[in-house]
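Enquirer: Got a structure for you, target.cif, holding mmCIF, C-alpha atoms.
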data_target
loop_
_atom_site.label_atom_id
_atom_site.label_comp_id
_atom_site.auth_asym_id
_atom_site.auth_seq_id
_atom_site.Cartn_x
_atom_site.Cartn_y
_atom_site.Cartn_z
CA MET A 29 34.72 -48.08 -48.67
CA ALA A 30 35.28 -45.72 -45.76
CA LEU A 31 38.09 -46.16 -43.28
CA PRO A 32 37.76 -44.64 -39.80
CA SER A 33 40.03 -41.66 -39.29
CA ASP A 34 38.26 -40.14 -36.29
CA ARG A 35 39.95 -40.92 -32.96
CA GLU A 36 36.74 -41.80 -31.11
CA VAL A 37 35.50 -44.02 -33.94
CA VAL A 38 38.83 -45.86 -33.95
CA ALA A 39 38.73 -46.22 -30.16
CA MET A 40 35.24 -47.70 -30.23
CA GLN A 41 36.37 -50.16 -32.91
CA LEU A 42 39.33 -51.13 -30.71
CA LEU A 43 37.29 -52.00 -27.61
CA PRO A 44 36.78 -55.70 -28.45
CA GLN A 45 40.54 -56.12 -29.02
CA VAL A 46 41.41 -54.20 -25.86
CA PHE A 47 39.21 -56.43 -23.72
CA GLY A 48 40.26 -59.53 -25.62
CA TYR A 49 44.00 -58.92 -25.26
CA TRP A 50 44.56 -56.86 -22.13
CA GLN A 51 45.72 -59.92 -20.17
CA SER A 52 48.18 -60.89 -22.90
CA PRO A 53 51.21 -58.67 -22.34
CA GLY A 54 52.44 -57.03 -25.49
CA HIS A 55 49.25 -56.93 -27.51
CA LEU A 56 47.49 -53.88 -26.12
CA HIS A 57 49.94 -51.21 -27.28
CA GLY A 58 49.85 -52.55 -30.83
CA PHE A 59 46.16 -51.78 -31.01
CA VAL A 60 46.37 -48.42 -29.26
CA THR A 61 49.43 -46.90 -30.98
CA PRO A 62 47.49 -45.93 -34.16
CA LEU A 63 45.01 -44.05 -31.97
CA CYS A 64 47.74 -41.53 -31.11
CA HIS A 65 47.99 -40.54 -34.76
CA GLU A 66 44.30 -39.87 -35.33
CA ASP A 67 42.40 -36.60 -35.09
CA GLY A 68 38.98 -35.86 -33.80
CA PRO A 69 37.12 -35.71 -30.52
CA VAL A 70 37.99 -37.62 -27.40
CA GLY A 71 35.13 -39.42 -25.72
CA GLU A 72 34.30 -42.45 -23.61
CA GLY A 73 35.95 -44.96 -25.98
CA THR A 74 39.24 -43.10 -26.20
CA ALA A 75 39.28 -42.59 -22.43
CA LEU A 76 38.67 -46.29 -21.81
CA VAL A 77 41.34 -47.44 -24.26
CA LEU A 78 43.90 -45.04 -22.77
CA GLY A 79 42.94 -46.07 -19.24
CA MET A 80 43.49 -49.72 -20.09
CA LEU A 81 47.10 -48.86 -20.99
CA LEU A 82 47.70 -48.61 -17.25
CA ALA A 83 46.98 -52.33 -16.96
CA GLU A 84 49.80 -53.40 -19.28
CA ARG A 85 52.58 -55.40 -17.66
CA ASN A 86 56.13 -56.56 -18.32
CA TRP A 87 58.41 -54.80 -20.79
CA HIS A 88 55.46 -53.61 -22.91
CA ALA A 89 54.31 -51.43 -20.03
CA GLU A 90 57.02 -48.90 -20.90
CA HIS A 91 55.61 -48.38 -24.40
CA CYS A 92 52.08 -48.03 -23.01
CA ARG A 93 53.22 -45.39 -20.55
CA GLU A 94 54.87 -43.52 -23.41
CA LEU A 95 51.54 -43.54 -25.27
CA LEU A 96 49.78 -42.15 -22.20
CA LEU A 97 52.41 -39.42 -21.87
CA CYS A 98 52.02 -38.62 -25.58
CA ALA A 99 48.26 -38.28 -25.07
CA ALA A 100 48.86 -35.94 -22.12
CA ALA A 101 51.46 -33.87 -23.96
CA THR A 102 49.35 -33.41 -27.08
CA GLY A 103 46.27 -32.48 -25.07
CA TYR A 104 43.92 -35.26 -26.07
CA LEU A 105 44.01 -37.11 -22.75
CA ASN A 106 40.78 -36.45 -20.90
CA ALA A 107 42.33 -37.72 -17.69
CA GLU A 108 39.29 -37.53 -15.41
CA LEU A 109 37.14 -39.37 -17.94
CA CYS A 110 39.96 -41.89 -18.32
CA GLY A 111 39.79 -42.59 -14.58
CA ARG A 112 35.99 -42.85 -14.64
CA GLN A 113 36.23 -45.46 -17.39
CA LEU A 114 39.09 -47.36 -15.75
CA GLY A 115 37.38 -47.69 -12.33
CA PRO A 116 34.60 -50.06 -13.43
CA CYS A 117 37.12 -52.11 -15.42
CA MET A 118 39.22 -52.51 -12.28
CA ARG A 119 36.13 -53.70 -10.41
CA THR A 120 35.05 -56.22 -13.07
CA VAL A 121 38.04 -57.55 -15.02
CA GLY A 122 40.57 -57.86 -12.25
CA ILE A 123 43.02 -55.03 -12.86
CA GLY A 124 44.90 -54.54 -9.60
CA MET A 125 45.45 -51.16 -7.96
CA SER A 126 49.14 -51.93 -7.42
CA GLN A 127 49.52 -52.33 -11.19
CA VAL A 128 47.70 -49.08 -11.92
CA SER A 129 49.46 -47.07 -9.21
CA SER A 130 52.86 -48.30 -10.42
CA ALA A 131 52.06 -47.10 -13.94
CA LEU A 132 50.66 -43.79 -12.71
CA GLU A 133 53.65 -43.19 -10.45
CA ASP A 134 55.96 -43.68 -13.42
CA VAL A 135 53.90 -41.29 -15.56
CA ALA A 136 53.90 -38.70 -12.75
CA ARG A 137 57.66 -39.04 -12.31
CA ARG A 138 57.97 -38.03 -15.96
CA GLY A 139 56.08 -34.81 -15.34
CA ALA A 140 52.37 -35.59 -15.78
CA HIS A 141 51.45 -34.83 -12.14
CA ARG A 142 48.22 -33.02 -12.98
CA GLU A 143 47.04 -35.75 -15.37
CA VAL A 144 47.78 -38.49 -12.83
CA TRP A 145 45.76 -36.63 -10.22
CA GLU A 146 42.88 -36.13 -12.66
CA ILE A 147 42.86 -39.87 -13.45
CA MET A 148 42.65 -40.63 -9.73
CA ARG A 149 39.97 -37.96 -9.24
CA GLY A 150 37.86 -39.69 -11.89
CA LEU A 151 38.64 -43.20 -10.67
CA LEU A 152 37.90 -42.86 -6.95
CA PRO A 153 34.12 -42.20 -7.13
CA VAL A 154 33.52 -45.29 -9.28
CA PHE A 155 36.14 -47.57 -7.69
CA LEU A 156 35.75 -46.98 -3.95
CA PRO A 157 33.30 -49.23 -2.10
CA ALA A 158 29.80 -47.98 -1.40
CA ALA A 159 28.58 -47.96 2.21
CA ASP A 160 27.09 -51.45 1.81
CA GLU A 161 30.17 -52.96 0.13
CA ARG A 162 33.15 -54.60 1.75
CA ALA A 163 36.43 -52.75 1.26
CA HIS A 164 39.64 -54.51 0.26
CA SER A 165 43.30 -53.56 0.26
CA GLY A 166 43.10 -52.16 -3.29
CA HIS A 167 40.68 -49.50 -2.08
CA THR A 168 43.09 -48.45 0.67
CA ARG A 169 45.99 -48.41 -1.80
CA ALA A 170 43.94 -46.24 -4.16
CA LEU A 171 43.31 -43.67 -1.42
CA GLU A 172 46.94 -43.69 -0.29
CA PHE A 173 48.17 -43.20 -3.85
CA ALA A 174 45.57 -40.50 -4.49
CA ALA A 175 46.78 -38.61 -1.40
CA ASP A 176 50.31 -38.62 -2.82
CA ALA A 177 49.10 -37.64 -6.30
CA SER A 178 47.01 -34.79 -4.91
CA ARG A 179 50.08 -33.37 -3.16
CA TRP A 180 52.22 -33.66 -6.31
CA ALA A 181 49.59 -31.78 -8.31
CA GLY A 182 48.67 -29.27 -5.59
CA ALA A 183 45.05 -30.40 -5.94
CA ARG A 184 42.15 -29.02 -3.96
CA GLY A 185 38.42 -29.66 -3.95
CA ALA A 186 36.52 -32.30 -2.02
CA ILE A 187 35.44 -35.61 -3.54
CA PRO A 188 32.10 -36.59 -1.92
CA GLU A 189 32.80 -40.34 -1.97
CA VAL A 190 36.14 -39.82 -0.20
CA GLY A 191 34.50 -37.48 2.32
CA ALA A 192 31.85 -40.10 3.10
CA ILE A 193 34.49 -42.71 3.91
CA ALA A 194 36.52 -40.17 5.89
CA ALA A 195 33.43 -39.40 8.00
CA ARG A 196 32.95 -43.03 9.05
CA ASN A 197 33.61 -44.09 12.61
CA GLY A 198 36.65 -46.26 13.16
CA SER A 199 40.31 -46.26 12.38
CA SER A 200 40.76 -48.86 9.66
CA GLY A 201 43.43 -48.28 7.04
CA LEU A 202 40.71 -47.32 4.56
CA VAL A 203 39.23 -44.67 6.85
CA ARG A 204 42.65 -43.27 7.79
CA ALA A 205 43.69 -43.03 4.13
CA ALA A 206 40.39 -41.35 3.23
CA ARG A 207 40.83 -38.82 6.05
CA ARG A 208 44.37 -38.04 4.94
CA LEU A 209 43.24 -37.39 1.35
CA HIS A 210 40.07 -35.53 2.35
CA ASP A 211 41.97 -33.28 4.79
CA HIS A 212 44.47 -32.37 2.09
CA LEU A 213 41.75 -31.64 -0.50
CA VAL A 214 39.67 -29.38 1.74
CA ARG A 215 42.59 -27.52 3.34
CA THR A 216 42.59 -23.89 2.22
#
Would you mind writing the file out in structure tokens?
Expert:
Amino acid sequence: MALPSDREVVAMQLLPQVFGYWQSPGHLHGFVTPLCHEDGPVGEGTALVLGMLLAERNWHAEHCRELLLCAAATGYLNAELCGRQLGPCMRTVGIGMSQVSSALEDVARRGAHREVWEIMRGLLPVFLPAADERAHSGHTRALEFAADASRWAGARGAIPEVGAIAARNGSSGLVRAARRLHDHLVRT
């Protein structure tokens, strides 16, 4: 009998539990904690499982944020991939941006500024509304938080999806937030 000891294999095995328990506070970290003690490559599964930690609520959220910080500190957090995996989950399973930004702000306050920015850099292209989609307040909050995170990390480099929103006519909150972020990212 072979037991999985590779981080990505373990993460892929955890996905059904992560999606089955993410709305039940207190269960998610119990499944993810062993992942921090594995070796091996980091891929889509690991990124998704770590991204879902940002959805944890109540007093268990603290432990989940510690796990995310541990992943950042030990170098196995692929933050941009984590954001790319989290974005579609936010669109489909109802994870709110206020929940995610609160978690990310806490992680950044503890010193992971660059990782928080990289998560947002990965999240924005897959989370923001396309030209034919209706925007909601979570999209505006994501852009506002990303603007703050980009300043904390000293980030530069345009994100095409943000630039497209910034180039729109109008002065909605979404467009203003996109312009603020885009202007910061392209400033030399």
Enquirer: With distances taken over only C-alpha atoms, which residue among A:Val77, A:Val70, A:Met125, A:Leu96 lies nearest Leu156 of chain A?
Expert: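 Checking each of A:Val77, A:Val70, A:Met125, A:Leu96 against Leu156 of chain A, counting only C-alpha atoms, the winner is A:Met125.
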Enquirer: Residues within 12 Å of segment 33-41 of chain A, please, as a PyMOL selection string. Count all atoms listed in the file; anything in the same chain fewer than 2 positions from it doesn't count.
Expert: chain A and resi 30-31+43-47+59-80+99+104-105
Enquirer: Residue by residue, what does the PyMOL selection byres ((chain A and resi 191) around 10) grab here? Present the result as a ChimeraX atom specification.
Expert: /A:186-190,192-196,203,206-207,209-211,213-214
Enquirer: What lies within 9 Å of Arg142 of chain A using all atoms listed in the file, ignoring chain neighbours under 6 positions off, as number ranges by chain?
Expert: A: 107, 136, 177-178, 180-183
Enquirer: Record the distance separating atom CA of Val121 of chain A and atom CA of Ala205 of chain A, expressed in Å with one decimal.
Expert: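 Calculated distance between atom CA of Val121 of chain A and atom CA of Ala205 of chain A is 24.7 Å.
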